[in-house]
Structures are given as structure tokens and as C-alpha cells.
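Okay, structure11.json is below, JSON, C-alpha atoms:
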```json
[["chain", "number", "residue", "atom", "x", "y", "z"],
["A", 109, "MET", "CA", 7.19, -12.72, -9.42],
["A", 110, "SER", "CA", 4.45, -10.30, -8.33],
["A", 111, "ILE", "CA", 5.98, -6.87, -8.96],
["A", 112, "LEU", "CA", 8.89, -6.30, -11.33],
["A", 113, "LEU", "CA", 10.30, -2.83, -11.96],
["A", 114, "THR", "CA", 13.15, -2.27, -14.39],
["A", 115, "LYS", "CA", 14.96, 1.08, -14.55],
["A", 116, "ILE", "CA", 11.85, 3.12, -13.73],
["A", 117, "SER", "CA", 12.35, 6.87, -14.04],
["A", 118, "LYS", "CA", 9.80, 9.65, -13.62],
["A", 119, "ASN", "CA", 10.40, 13.29, -14.49],
["A", 120, "TYR", "CA", 8.16, 16.25, -13.75],
["A", 121, "GLY", "CA", 9.73, 18.81, -16.04],
["A", 122, "ALA", "CA", 13.26, 19.33, -14.75],
["A", 123, "GLN", "CA", 12.50, 17.51, -11.50],
["A", 124, "LYS", "CA", 13.60, 13.87, -11.45],
["A", 125, "ALA", "CA", 11.25, 12.13, -9.00],
["A", 126, "LEU", "CA", 12.58, 8.61, -9.72],
["A", 127, "LYS", "CA", 15.93, 7.65, -11.22],
["A", 128, "GLU", "CA", 16.22, 4.17, -12.78],
["A", 129, "VAL", "CA", 14.61, 2.25, -9.92],
["A", 130, "SER", "CA", 14.75, -1.55, -10.34],
["A", 131, "LEU", "CA", 12.92, -3.75, -7.88],
["A", 132, "THR", "CA", 11.50, -7.25, -7.52],
["A", 133, "ILE", "CA", 8.81, -8.12, -4.95],
["A", 134, "LYS", "CA", 7.69, -11.73, -4.61],
["A", 135, "LYS", "CA", 4.26, -13.07, -3.73],
["A", 136, "GLY", "CA", 3.66, -13.72, -0.05],
["A", 137, "GLN", "CA", 5.99, -10.94, 1.09],
["A", 138, "ILE", "CA", 5.39, -7.70, 2.96],
["A", 139, "THR", "CA", 7.77, -5.02, 1.76],
["A", 140, "GLY", "CA", 8.23, -1.69, 3.49],
["A", 141, "LEU", "CA", 9.11, 1.40, 1.49],
["A", 142, "LEU", "CA", 10.92, 4.03, 3.52],
["A", 143, "GLY", "CA", 12.46, 7.41, 2.86],
["A", 144, "PRO", "CA", 12.13, 11.10, 3.64],
["A", 145, "ASN", "CA", 9.32, 13.23, 2.23],
["A", 146, "GLY", "CA", 9.96, 13.82, -1.45],
["A", 147, "ALA", "CA", 12.04, 10.67, -1.86],
["A", 148, "GLY", "CA", 9.65, 9.30, -4.52],
["A", 149, "LYS", "CA", 7.69, 6.73, -2.50],
["A", 150, "SER", "CA", 4.21, 7.86, -3.56],
["A", 151, "THR", "CA", 5.32, 8.35, -7.16],
["A", 152, "LEU", "CA", 6.65, 4.79, -7.28],
["A", 153, "MET", "CA", 3.41, 3.40, -5.86],
["A", 154, "LYS", "CA", 1.30, 5.37, -8.33],
["A", 155, "ILE", "CA", 3.34, 3.98, -11.22],
["A", 156, "ILE", "CA", 2.83, 0.42, -9.98],
["A", 157, "THR", "CA", -0.94, 1.00, -9.82],
["A", 158, "GLY", "CA", -1.05, 2.55, -13.29],
["A", 159, "ALA", "CA", -2.29, 5.87, -11.90],
["A", 160, "ILE", "CA", 0.64, 7.65, -13.58],
["A", 161, "LEU", "CA", 3.03, 6.53, -16.28],
["A", 162, "PRO", "CA", 6.81, 6.35, -15.98],
["A", 163, "THR", "CA", 8.99, 8.57, -18.14],
["A", 164, "SER", "CA", 11.10, 5.52, -18.94],
["A", 165, "GLY", "CA", 11.55, 1.92, -17.81],
["A", 166, "THR", "CA", 9.10, -0.95, -17.44],
["A", 167, "ALA", "CA", 6.75, -2.04, -14.66],
["A", 168, "GLU", "CA", 4.95, -5.37, -14.45],
["A", 169, "VAL", "CA", 2.38, -6.67, -11.96],
["A", 170, "ASN", "CA", 1.75, -10.42, -12.12],
["A", 171, "GLY", "CA", 3.43, -10.46, -15.52],
["A", 172, "ILE", "CA", 1.18, -7.72, -16.94],
["A", 173, "ASP", "CA", 2.79, -4.56, -18.31],
["A", 174, "VAL", "CA", 1.47, -1.54, -16.41],
["A", 175, "VAL", "CA", 1.92, 0.86, -19.34],
["A", 176, "ALA", "CA", 0.36, -1.42, -21.96],
["A", 177, "SER", "CA", -2.54, -2.73, -19.82],
["A", 178, "PRO", "CA", -3.16, -0.43, -16.81],
["A", 179, "LEU", "CA", -6.82, -1.43, -16.40],
["A", 180, "GLN", "CA", -5.95, -5.12, -16.32],
["A", 181, "VAL", "CA", -3.32, -4.42, -13.68],
["A", 182, "GLN", "CA", -5.77, -2.40, -11.60],
["A", 183, "GLN", "CA", -8.20, -5.33, -11.56],
["A", 184, "SER", "CA", -5.61, -7.42, -9.71],
["A", 185, "LEU", "CA", -4.57, -4.94, -7.04],
["A", 186, "GLY", "CA", -5.96, -2.90, -4.17],
["A", 187, "TYR", "CA", -4.66, 0.60, -3.47],
["A", 188, "LEU", "CA", -4.90, 2.79, -0.39],
["A", 189, "PRO", "CA", -3.54, 6.27, -1.27],
["A", 190, "GLU", "CA", -1.93, 8.50, 1.29],
["A", 191, "HIS", "CA", -4.81, 10.97, 1.50],
["A", 192, "ASN", "CA", -7.52, 8.28, 1.27],
["A", 193, "PRO", "CA", -10.35, 10.14, -0.57],
["A", 194, "GLN", "CA", -13.83, 9.10, 0.53],
["A", 195, "TYR", "CA", -17.46, 10.22, 0.32],
["A", 196, "LEU", "CA", -17.91, 11.49, 3.86],
["A", 197, "GLU", "CA", -21.69, 11.75, 3.59],
["A", 198, "LEU", "CA", -22.07, 8.02, 2.89],
["A", 199, "TYR", "CA", -22.47, 5.34, 5.54],
["A", 200, "VAL", "CA", -19.58, 2.89, 5.83],
["A", 201, "ARG", "CA", -21.47, -0.11, 4.48],
["A", 202, "GLU", "CA", -23.10, 2.02, 1.77],
["A", 203, "TYR", "CA", -19.68, 3.24, 0.64],
["A", 204, "LEU", "CA", -18.25, -0.29, 0.53],
["A", 205, "GLU", "CA", -21.25, -1.45, -1.51],
["A", 206, "TYR", "CA", -20.57, 1.40, -3.94],
["A", 207, "VAL", "CA", -16.92, 0.33, -4.24],
["A", 208, "ALA", "CA", -18.04, -3.26, -4.84],
["A", 209, "GLN", "CA", -20.25, -2.07, -7.69],
["A", 210, "LEU", "CA", -17.28, -0.28, -9.27],
["A", 211, "TYR", "CA", -15.25, -3.49, -9.11],
["A", 212, "LYS", "CA", -18.29, -5.54, -10.22],
["A", 213, "VAL", "CA", -18.03, -7.61, -7.04],
["A", 214, "GLY", "CA", -21.13, -9.08, -5.35],
["A", 215, "LYS", "CA", -22.39, -7.62, -2.06],
["A", 216, "GLU", "CA", -21.63, -10.93, -0.33],
["A", 217, "ARG", "CA", -17.99, -9.77, -0.19],
["A", 218, "ILE", "CA", -18.89, -6.83, 2.10],
["A", 219, "PRO", "CA", -19.28, -8.73, 5.42],
["A", 220, "THR", "CA", -15.89, -10.39, 4.88],
["A", 221, "VAL", "CA", -13.96, -7.14, 4.50],
["A", 222, "ILE", "CA", -15.90, -5.51, 7.34],
["A", 223, "ALA", "CA", -14.88, -8.39, 9.61],
["A", 224, "GLN", "CA", -11.27, -8.32, 8.34],
["A", 225, "THR", "CA", -10.89, -4.62, 9.10],
["A", 226, "VAL", "CA", -12.88, -4.75, 12.36],
["A", 227, "LEU", "CA", -15.48, -2.24, 11.16],
["A", 228, "GLY", "CA", -18.55, -4.07, 12.40],
["A", 229, "PRO", "CA", -19.61, -1.56, 15.09],
["A", 230, "GLU", "CA", -19.03, 1.37, 12.69],
["A", 231, "GLN", "CA", -20.63, 0.04, 9.51],
["A", 232, "HIS", "CA", -23.89, 1.96, 9.97],
["A", 233, "LYS", "CA", -22.20, 5.29, 10.75],
["A", 234, "LYS", "CA", -21.41, 8.03, 8.25],
["A", 235, "ILE", "CA", -17.77, 8.13, 7.22],
["A", 236, "GLY", "CA", -17.62, 11.81, 8.10],
["A", 237, "SER", "CA", -18.38, 11.02, 11.74],
["A", 238, "LEU", "CA", -15.48, 8.57, 12.10],
["A", 239, "SER", "CA", -12.05, 9.22, 13.57],
["A", 240, "LYS", "CA", -9.06, 9.38, 11.24],
["A", 241, "GLY", "CA", -8.05, 5.89, 12.31],
["A", 242, "TYR", "CA", -11.42, 4.42, 11.41],
["A", 243, "ARG", "CA", -11.40, 6.23, 8.07],
["A", 244, "GLN", "CA", -8.09, 4.48, 7.38],
["A", 245, "ARG", "CA", -9.79, 1.18, 8.09],
["A", 246, "VAL", "CA", -12.57, 2.07, 5.66],
["A", 247, "GLY", "CA", -9.93, 2.83, 3.00],
["A", 248, "LEU", "CA", -8.24, -0.50, 3.67],
["A", 249, "ALA", "CA", -11.59, -2.30, 3.47],
["A", 250, "ALA", "CA", -12.25, -0.65, 0.11],
["A", 251, "ALA", "CA", -8.83, -1.79, -1.15],
["A", 252, "LEU", "CA", -9.68, -5.36, -0.11],
["A", 253, "ILE", "CA", -13.08, -5.45, -1.86],
["A", 254, "PRO", "CA", -11.81, -7.14, -5.08],
["A", 255, "ASP", "CA", -9.77, -9.67, -3.04],
["A", 256, "PRO", "CA", -6.64, -8.42, -4.84],
["A", 257, "ASP", "CA", -3.43, -10.35, -5.47],
["A", 258, "VAL", "CA", -1.40, -7.20, -4.73],
["A", 259, "LEU", "CA", -1.98, -4.53, -2.07],
["A", 260, "ILE", "CA", -0.34, -1.11, -2.38],
["A", 261, "LEU", "CA", -0.71, 0.90, 0.83],
["A", 262, "ASP", "CA", 0.59, 4.46, 1.20],
["A", 263, "GLU", "CA", 1.04, 5.25, 4.92],
["A", 264, "PRO", "CA", -1.74, 2.80, 5.96],
["A", 265, "THR", "CA", -1.28, 3.12, 9.74],
["A", 266, "THR", "CA", -1.51, 6.91, 9.91],
["A", 267, "GLY", "CA", -3.77, 8.00, 12.76],
["A", 268, "LEU", "CA", -4.28, 4.57, 14.32],
["A", 269, "ASP", "CA", -4.13, 4.16, 18.08],
["A", 270, "PRO", "CA", -2.04, 1.32, 19.65],
["A", 271, "ALA", "CA", -4.96, -1.13, 19.80],
["A", 272, "GLN", "CA", -5.88, -0.44, 16.17],
["A", 273, "LEU", "CA", -2.25, -0.86, 15.13],
["A", 274, "ILE", "CA", -2.20, -4.36, 16.62],
["A", 275, "GLU", "CA", -5.38, -5.27, 14.72],
["A", 276, "ILE", "CA", -4.15, -3.88, 11.39],
["A", 277, "ARG", "CA", -0.77, -5.59, 11.79],
["A", 278, "ALA", "CA", -2.51, -8.91, 12.37],
["A", 279, "LEU", "CA", -4.70, -8.30, 9.31],
["A", 280, "LEU", "CA", -1.74, -7.49, 7.06],
["A", 281, "LYS", "CA", 0.21, -10.53, 8.26],
["A", 282, "ASN", "CA", -2.81, -12.74, 7.58],
["A", 283, "ILE", "CA", -3.56, -11.48, 4.09],
["A", 284, "ALA", "CA", 0.11, -11.47, 3.06],
["A", 285, "VAL", "CA", 0.18, -15.28, 3.20],
["A", 286, "ASP", "CA", -1.18, -15.43, -0.37],
["A", 287, "LYS", "CA", -0.81, -11.82, -1.48],
["A", 288, "THR", "CA", 1.91, -9.28, -2.16],
["A", 289, "VAL", "CA", 1.89, -6.24, 0.14],
["A", 290, "LEU", "CA", 3.91, -3.07, -0.47],
["A", 291, "PHE", "CA", 3.45, -0.24, 2.01],
["A", 292, "SER", "CA", 5.18, 3.02, 2.76],
["A", 293, "THR", "CA", 5.76, 4.20, 6.31],
["A", 294, "HIS", "CA", 7.88, 6.44, 8.52],
["A", 295, "ILE", "CA", 7.30, 4.17, 11.55],
["A", 296, "MET", "CA", 10.27, 1.85, 12.03],
["A", 297, "GLN", "CA", 8.41, -0.33, 14.52],
["A", 298, "GLU", "CA", 5.91, -1.14, 11.77],
["A", 299, "VAL", "CA", 8.76, -2.36, 9.59],
["A", 300, "VAL", "CA", 10.13, -4.54, 12.39],
["A", 301, "GLU", "CA", 6.70, -6.02, 13.15],
["A", 302, "LEU", "CA", 5.62, -6.64, 9.58],
["A", 303, "CYS", "CA", 8.25, -6.60, 6.87],
["A", 304, "ASP", "CA", 10.20, -9.33, 5.14],
["A", 305, "THR", "CA", 12.10, -6.67, 3.20],
["A", 306, "ALA", "CA", 12.68, -2.93, 3.68],
["A", 307, "ILE", "CA", 13.66, -0.60, 0.85],
["A", 308, "PHE", "CA", 15.06, 2.89, 1.48],
["A", 309, "LEU", "CA", 14.48, 5.53, -1.19],
["A", 310, "THR", "CA", 16.56, 8.69, -1.24],
["A", 311, "SER", "CA", 16.26, 11.41, -3.90],
["A", 312, "GLY", "CA", 14.45, 9.06, -6.26],
["A", 313, "LYS", "CA", 16.96, 6.20, -5.99],
["A", 314, "ILE", "CA", 17.10, 3.00, -3.97],
["A", 315, "ALA", "CA", 19.72, 3.71, -1.33],
["A", 316, "LYS", "CA", 19.50, 0.47, 0.68],
["A", 317, "LYS", "CA", 17.68, -2.86, 0.82],
["A", 318, "CYS", "CA", 17.33, -4.76, 4.10],
["A", 319, "ASN", "CA", 16.35, -8.39, 4.52],
["A", 320, "ARG", "CA", 14.51, -9.81, 7.54],
["A", 321, "GLU", "CA", 17.74, -10.56, 9.40],
["A", 322, "GLU", "CA", 18.79, -6.92, 9.31],
["A", 323, "ILE", "CA", 15.27, -5.67, 10.06],
["A", 324, "GLU", "CA", 15.26, -7.76, 13.24],
["A", 325, "LYS", "CA", 18.12, -5.63, 14.59],
["A", 326, "GLY", "CA", 15.35, -3.24, 15.57],
["A", 327, "PRO", "CA", 13.96, 0.26, 15.08],
["A", 328, "ALA", "CA", 17.13, 2.02, 16.29],
["A", 329, "HIS", "CA", 19.20, 0.23, 13.65],
["A", 330, "LEU", "CA", 16.69, 1.15, 10.95],
["A", 331, "GLU", "CA", 16.57, 4.75, 12.15],
["A", 332, "ALA", "CA", 20.35, 4.92, 11.78],
["A", 333, "LEU", "CA", 20.10, 3.57, 8.23],
["A", 334, "PHE", "CA", 17.26, 5.98, 7.49],
["A", 335, "SER", "CA", 19.33, 8.99, 8.55],
["A", 336, "THR", "CA", 22.49, 8.08, 6.62]]
```

Please express the file's structure as C-alpha cells.
Amino acid sequence: MSILLTKISKNYGAQKALKEVSLTIKKGQITGLLGPNGAGKSTLMKIITGAILPTSGTAEVNGIDVVASPLQVQQSLGYLPEHNPQYLELYVREYLEYVAQLYKVGKERIPTVIAQTVLGPEQHKKIGSLSKGYRQRVGLAAALIPDPDVLILDEPTTGLDPAQLIEIRALLKNIAVDKTVLFSTHIMQEVVELCDTAIFLTSGKIAKKCNREEIEKGPAHLEALFST
């Protein structure tokens, strides 16, 4: 079991962002998290990463309690947030070396993640000069620096062109062989191409779960589920 959530709730004052969400995600799977804006997707991801604490319930990553040991959990996962904060004045390789220092990972890891995310031609450019799609790649490369067991990706394909989408899909499929990948998206084709499981959140609750057989019915079928 890679990720285990049991009756996770999160309140912001009177607002109930999550309402007793229970979920199991196994190693080697790619799981898509879908739902309208405000459904609780980002909140759920932040709880799994230990960035925020649940109001109630328990969350475990690789058997480690997120509330009791958030730093230990964070050492075993990579996280790409929705807004992907970066130091725009740094060069790509310089930034990745900085991230490696934070994780206490040797610089020899840098060429691997640059190759994985197809950043070779851009590695000596400043992040601020890159397109939005390439900045997403830099964020994904940073998440891969510690070679994490679990990847949490919030809207990872935002801003990518069709060619870049193909490359990132191939990357995610490759790394998911021995990792757990959870990503949020509004793009149904991404779910069809990538996911073993799709989870629909609505108003802080899990509304539906779809296995691969149902996902293979295609984007139109998922869109219909999404809108109900």
C-alpha cells in the first residue's frame, strides 16, 4: 500500500473542504484525481504531502503517518504544486542543483532528471525565459530529484503543447512502473492515456471511482461522469 487515507476531513472555519475521504492507492499505479474547481483536489494533495494537516482522519504514505512524521513522508515523495513556484532568475541546471542540495542528493542525479524530462537544450537558460510548458518540465524535474517512491502532481500538463504532452505521458508511464503517481487534471484524454484509476471529487467527497475498464470507454464517457 503506497497511500492510505481514512476518513480525511479538512475544515477552513465553516467551510468543509474535504468530508471523510477514504482512499487507497497502490504502488505501480497512476491515479487521476478529477473534479470541478473547489472540489478539494489540491487540499487533498497537500494533506498527503504533509504541507497542511487534516482536521480529522488519518493519512499514511508508505506506512508512515503524515501527521506524526511529515518530514519523513516528504523525503519519500516528489510534489509538483499547481502554481509551480520557481526562482526565475536562476538557470535551469543551477536551480536543479539547488533543489538537489535541499534534498541532500548528489549532483550526479541532475543529468538523469534532465534527460527524463527532455530539458537538455534548455538547461543553460534562465527559468524566466522559458515557456510555461518548459517551466512545468522544470517543476517535474525538481520533483524527481530525490527519486521519490510517490509522485504528487497538481495539474502537471498545464501549458504543454501536443508534442510535449506525448513526451510527458511517456515519462509518467515509465516512472510509474515502480512508483505511485497521483495527479489532478481537467483533461479527460490524459486520464484515458495514463490512468489505471480515476477518482471524481465533488464538494469535498469522493463521488465516483473508475477502474481501467471504465476509463477505456473514452473521454466522452468520462466527461458525462464528470458533469453528473

I'd like the box whose edges run along x, y and z of the file and which contains every listed atom of segment 143-156 of chain A, padded by 6 Å per side; could you state its centre and edge lengths in Å, one decimal, as lines of an AutoDock Vina configuration file?
```
center_x = 6.9
center_y = 7.1
center_z = -3.8
size_x = 23.2
size_y = 25.4
size_z = 26.9
```

For this session: For Ser311 of chain A, list every protein, DNA or RNA residue within 9 Å, evaluated using only C-alpha atoms, and leave out those in the same chain fewer than 4 positions away; present the list as a PyMOL selection string.
Result: chain A and resi 124-127+143-144+146-148+315

Exercise. Once you count all atoms listed in the file, which residues end up no further than 6 Å from (12.1, -2.1, -17.7) in the file's frame, shown as a ChimeraX atom specification?
Worked result: /A:114-115,165-166

How would the residues just chosen look if you wrote them out with C-alpha atoms as a compact mmCIF listing (two decimals), in the frame of the given file?
```txt
# COMPACT_ATOMS: atom_id res chain seq x y z
CA THR A 114 13.15 -2.27 -14.39
CA LYS A 115 14.96 1.08 -14.55
CA GLY A 165 11.55 1.92 -17.81
CA THR A 166 9.10 -0.95 -17.44
```

Exercise. In Å, with one decimal, what is the gap from atom CA of Glu301 of chain A to atom CA of Asn319 of chain A?
Worked result: 13.2 Å

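Neighbouring residues of Tyr211 of chain A at 10 Å or closer, counting only C-alpha atoms and skipping chain neighbours under 3 positions away, are Gln182, Gln183, Glu205, Tyr206, Val207, Ala208, Gly214, Ile253 and Pro254 of chain A.
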
For this session: Determine the nearest neighbour of Ser164 of chain A from the options A:Lys118, A:Lys212, A:Lys240, A:Lys135, counting only C-alpha atoms.
Result: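 Going through A:Lys118, A:Lys212, A:Lys240, A:Lys135 one by one, the smallest distance to Ser164 of chain A is for A:Lys118.
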
Problem set entry | Contacts of Gln244 of chain A at 12 Å (only C-alpha atoms; same-chain gap of 4+ positions) as a ChimeraX atom specification | /A:188-194,200,225-227,235,238-240,248-251,261-269,272-273,276

Exercise. At what distance in Å, to one decimal, does atom CA of Leu259 of chain A lie from atom CA of Gln180 of chain A?
Worked result: 14.8 Å

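Between atom CA of Ile172 of chain A and atom CA of Thr288 of chain A there is a distance of 14.9 Å.
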
For this session: Point out the residue among A:Val258, A:Ala271, A:Val175, A:Val246 with the least atom-to-atom distance to Glu202 of chain A, counting all atoms listed in the file.
Result: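 Of the candidates, the smallest distance to Glu202 of chain A is held by A:Val246.
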
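Here the question is which of A:Ile274, A:Leu252, A:Val169, A:Leu330 gets nearest to Ile156 of chain A using only C-alpha atoms, and that residue is A:Val169.
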
Problem set entry | Nearest candidate to Tyr120 of chain A (options A:Lys134, A:Tyr203, A:Leu161, A:Leu196; using only C-alpha atoms) | A:Leu161

Exercise. Could you pull the residues within 7 Å of Asp304 of chain A, counting all atoms listed in the file, minus those fewer than 4 positions along the same chain, as a list in words?
Worked result: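 In the requested form, the answer reads Gln137, Ile138, Thr139, Asn319 and Arg320 of chain A.
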
Exercise. With distances taken over all atoms listed in the file, which of A:Pro270, A:Val285, A:Leu142, A:Gly121 is nearest to Leu333 of chain A?
Worked result: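 The closest residue to Leu333 of chain A is A:Leu142.
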
Exercise. What residues have an atom no more than 9 Å from (0.1, 10.3, -7.1) in the file's own frame, counting only C-alpha atoms, and can you write them as an MDAnalysis selection string?
Worked result: chainID A and resid 150:155 159:160 189:190

Problem set entry | Option closest in space to Gly136 of chain A, from A:Leu113, A:Ala284, A:Ile260, A:Ala122 [counting only C-alpha atoms] | A:Ala284

Exercise. Near Leu131 of chain A, within 10 Å and counting all atoms listed in the file, which residues show up once chain neighbours fewer than 3 positions away are dropped, as a list in words?
Worked result: Ile111, Leu112, Leu113, Thr114, Lys115, Ile116, Glu128, Ala167, Ile307, Ile314 and Lys317 of chain A

Could you dump the residues just selected with C-alpha atoms as a PDB file, in the frame of the given file?
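Printed below is selection-v5.pdb as written:
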```
ATOM      1  CA  ILE A 111       5.980  -6.870  -8.960  1.00  0.00           C
ATOM      2  CA  LEU A 112       8.890  -6.300 -11.330  1.00  0.00           C
ATOM      3  CA  LEU A 113      10.300  -2.830 -11.960  1.00  0.00           C
ATOM      4  CA  THR A 114      13.150  -2.270 -14.390  1.00  0.00           C
ATOM      5  CA  LYS A 115      14.960   1.080 -14.550  1.00  0.00           C
ATOM      6  CA  ILE A 116      11.850   3.120 -13.730  1.00  0.00           C
ATOM      7  CA  GLU A 128      16.220   4.170 -12.780  1.00  0.00           C
ATOM      8  CA  ALA A 167       6.750  -2.040 -14.660  1.00  0.00           C
ATOM      9  CA  ILE A 307      13.660  -0.600   0.850  1.00  0.00           C
ATOM     10  CA  ILE A 314      17.100   3.000  -3.970  1.00  0.00           C
ATOM     11  CA  LYS A 317      17.680  -2.860   0.820  1.00  0.00           C
TER      12      LYS A 317
END
```

Could you model N, CA and C atoms for segment 312-331 of chain A and present them as a PDB file, in the frame of the given file?
```pdb
ATOM      1  N   GLY A 312      14.901   9.785  -5.084  1.00  0.00           N
ATOM      2  CA  GLY A 312      14.450   9.060  -6.260  1.00  0.00           C
ATOM      3  C   GLY A 312      15.216   7.805  -6.601  1.00  0.00           C
ATOM      4  N   LYS A 313      16.173   7.415  -5.756  1.00  0.00           N
ATOM      5  CA  LYS A 313      16.960   6.200  -5.990  1.00  0.00           C
ATOM      6  C   LYS A 313      16.842   5.255  -4.806  1.00  0.00           C
ATOM      7  N   ILE A 314      17.032   3.956  -5.064  1.00  0.00           N
ATOM      8  CA  ILE A 314      17.100   3.000  -3.970  1.00  0.00           C
ATOM      9  C   ILE A 314      18.467   3.117  -3.321  1.00  0.00           C
ATOM     10  N   ALA A 315      18.463   3.522  -2.054  1.00  0.00           N
ATOM     11  CA  ALA A 315      19.720   3.710  -1.330  1.00  0.00           C
ATOM     12  C   ALA A 315      20.162   2.442  -0.619  1.00  0.00           C
ATOM     13  N   LYS A 316      19.185   1.689  -0.072  1.00  0.00           N
ATOM     14  CA  LYS A 316      19.500   0.470   0.680  1.00  0.00           C
ATOM     15  C   LYS A 316      18.349  -0.514   0.576  1.00  0.00           C
ATOM     16  N   LYS A 317      18.672  -1.791   0.696  1.00  0.00           N
ATOM     17  CA  LYS A 317      17.680  -2.860   0.820  1.00  0.00           C
ATOM     18  C   LYS A 317      18.057  -3.691   2.046  1.00  0.00           C
ATOM     19  N   CYS A 318      17.073  -3.972   2.887  1.00  0.00           N
ATOM     20  CA  CYS A 318      17.330  -4.760   4.100  1.00  0.00           C
ATOM     21  C   CYS A 318      16.483  -6.024   4.085  1.00  0.00           C
ATOM     22  N   ASN A 319      17.108  -7.152   4.388  1.00  0.00           N
ATOM     23  CA  ASN A 319      16.350  -8.390   4.520  1.00  0.00           C
ATOM     24  C   ASN A 319      15.842  -8.532   5.960  1.00  0.00           C
ATOM     25  N   ARG A 320      15.134  -9.625   6.222  1.00  0.00           N
ATOM     26  CA  ARG A 320      14.510  -9.810   7.540  1.00  0.00           C
ATOM     27  C   ARG A 320      15.561  -9.865   8.650  1.00  0.00           C
ATOM     28  N   GLU A 321      16.701 -10.459   8.381  1.00  0.00           N
ATOM     29  CA  GLU A 321      17.740 -10.560   9.400  1.00  0.00           C
ATOM     30  C   GLU A 321      18.194  -9.181   9.868  1.00  0.00           C
ATOM     31  N   GLU A 322      18.360  -8.267   8.931  1.00  0.00           N
ATOM     32  CA  GLU A 322      18.790  -6.920   9.310  1.00  0.00           C
ATOM     33  C   GLU A 322      17.658  -6.144   9.958  1.00  0.00           C
ATOM     34  N   ILE A 323      16.432  -6.342   9.475  1.00  0.00           N
ATOM     35  CA  ILE A 323      15.270  -5.670  10.060  1.00  0.00           C
ATOM     36  C   ILE A 323      15.119  -6.039  11.530  1.00  0.00           C
ATOM     37  N   GLU A 324      15.416  -7.291  11.859  1.00  0.00           N
ATOM     38  CA  GLU A 324      15.260  -7.760  13.240  1.00  0.00           C
ATOM     39  C   GLU A 324      16.256  -7.131  14.211  1.00  0.00           C
ATOM     40  N   LYS A 325      17.209  -6.362  13.700  1.00  0.00           N
ATOM     41  CA  LYS A 325      18.120  -5.630  14.590  1.00  0.00           C
ATOM     42  C   LYS A 325      17.412  -4.486  15.295  1.00  0.00           C
ATOM     43  N   GLY A 326      16.201  -4.149  14.813  1.00  0.00           N
ATOM     44  CA  GLY A 326      15.350  -3.240  15.570  1.00  0.00           C
ATOM     45  C   GLY A 326      15.211  -1.845  15.003  1.00  0.00           C
ATOM     46  N   PRO A 327      14.248  -1.090  15.571  1.00  0.00           N
ATOM     47  CA  PRO A 327      13.960   0.260  15.080  1.00  0.00           C
ATOM     48  C   PRO A 327      15.160   1.210  15.132  1.00  0.00           C
ATOM     49  N   ALA A 328      15.988   1.119  16.177  1.00  0.00           N
ATOM     50  CA  ALA A 328      17.130   2.020  16.290  1.00  0.00           C
ATOM     51  C   ALA A 328      18.110   1.805  15.138  1.00  0.00           C
ATOM     52  N   HIS A 329      18.315   0.546  14.779  1.00  0.00           N
ATOM     53  CA  HIS A 329      19.200   0.230  13.650  1.00  0.00           C
ATOM     54  C   HIS A 329      18.631   0.788  12.347  1.00  0.00           C
ATOM     55  N   LEU A 330      17.316   0.637  12.148  1.00  0.00           N
ATOM     56  CA  LEU A 330      16.690   1.150  10.950  1.00  0.00           C
ATOM     57  C   LEU A 330      16.709   2.673  10.911  1.00  0.00           C
ATOM     58  N   GLU A 331      16.506   3.281  12.073  1.00  0.00           N
ATOM     59  CA  GLU A 331      16.570   4.750  12.150  1.00  0.00           C
ATOM     60  C   GLU A 331      17.956   5.232  11.729  1.00  0.00           C
TER      61      GLU A 331
END
```
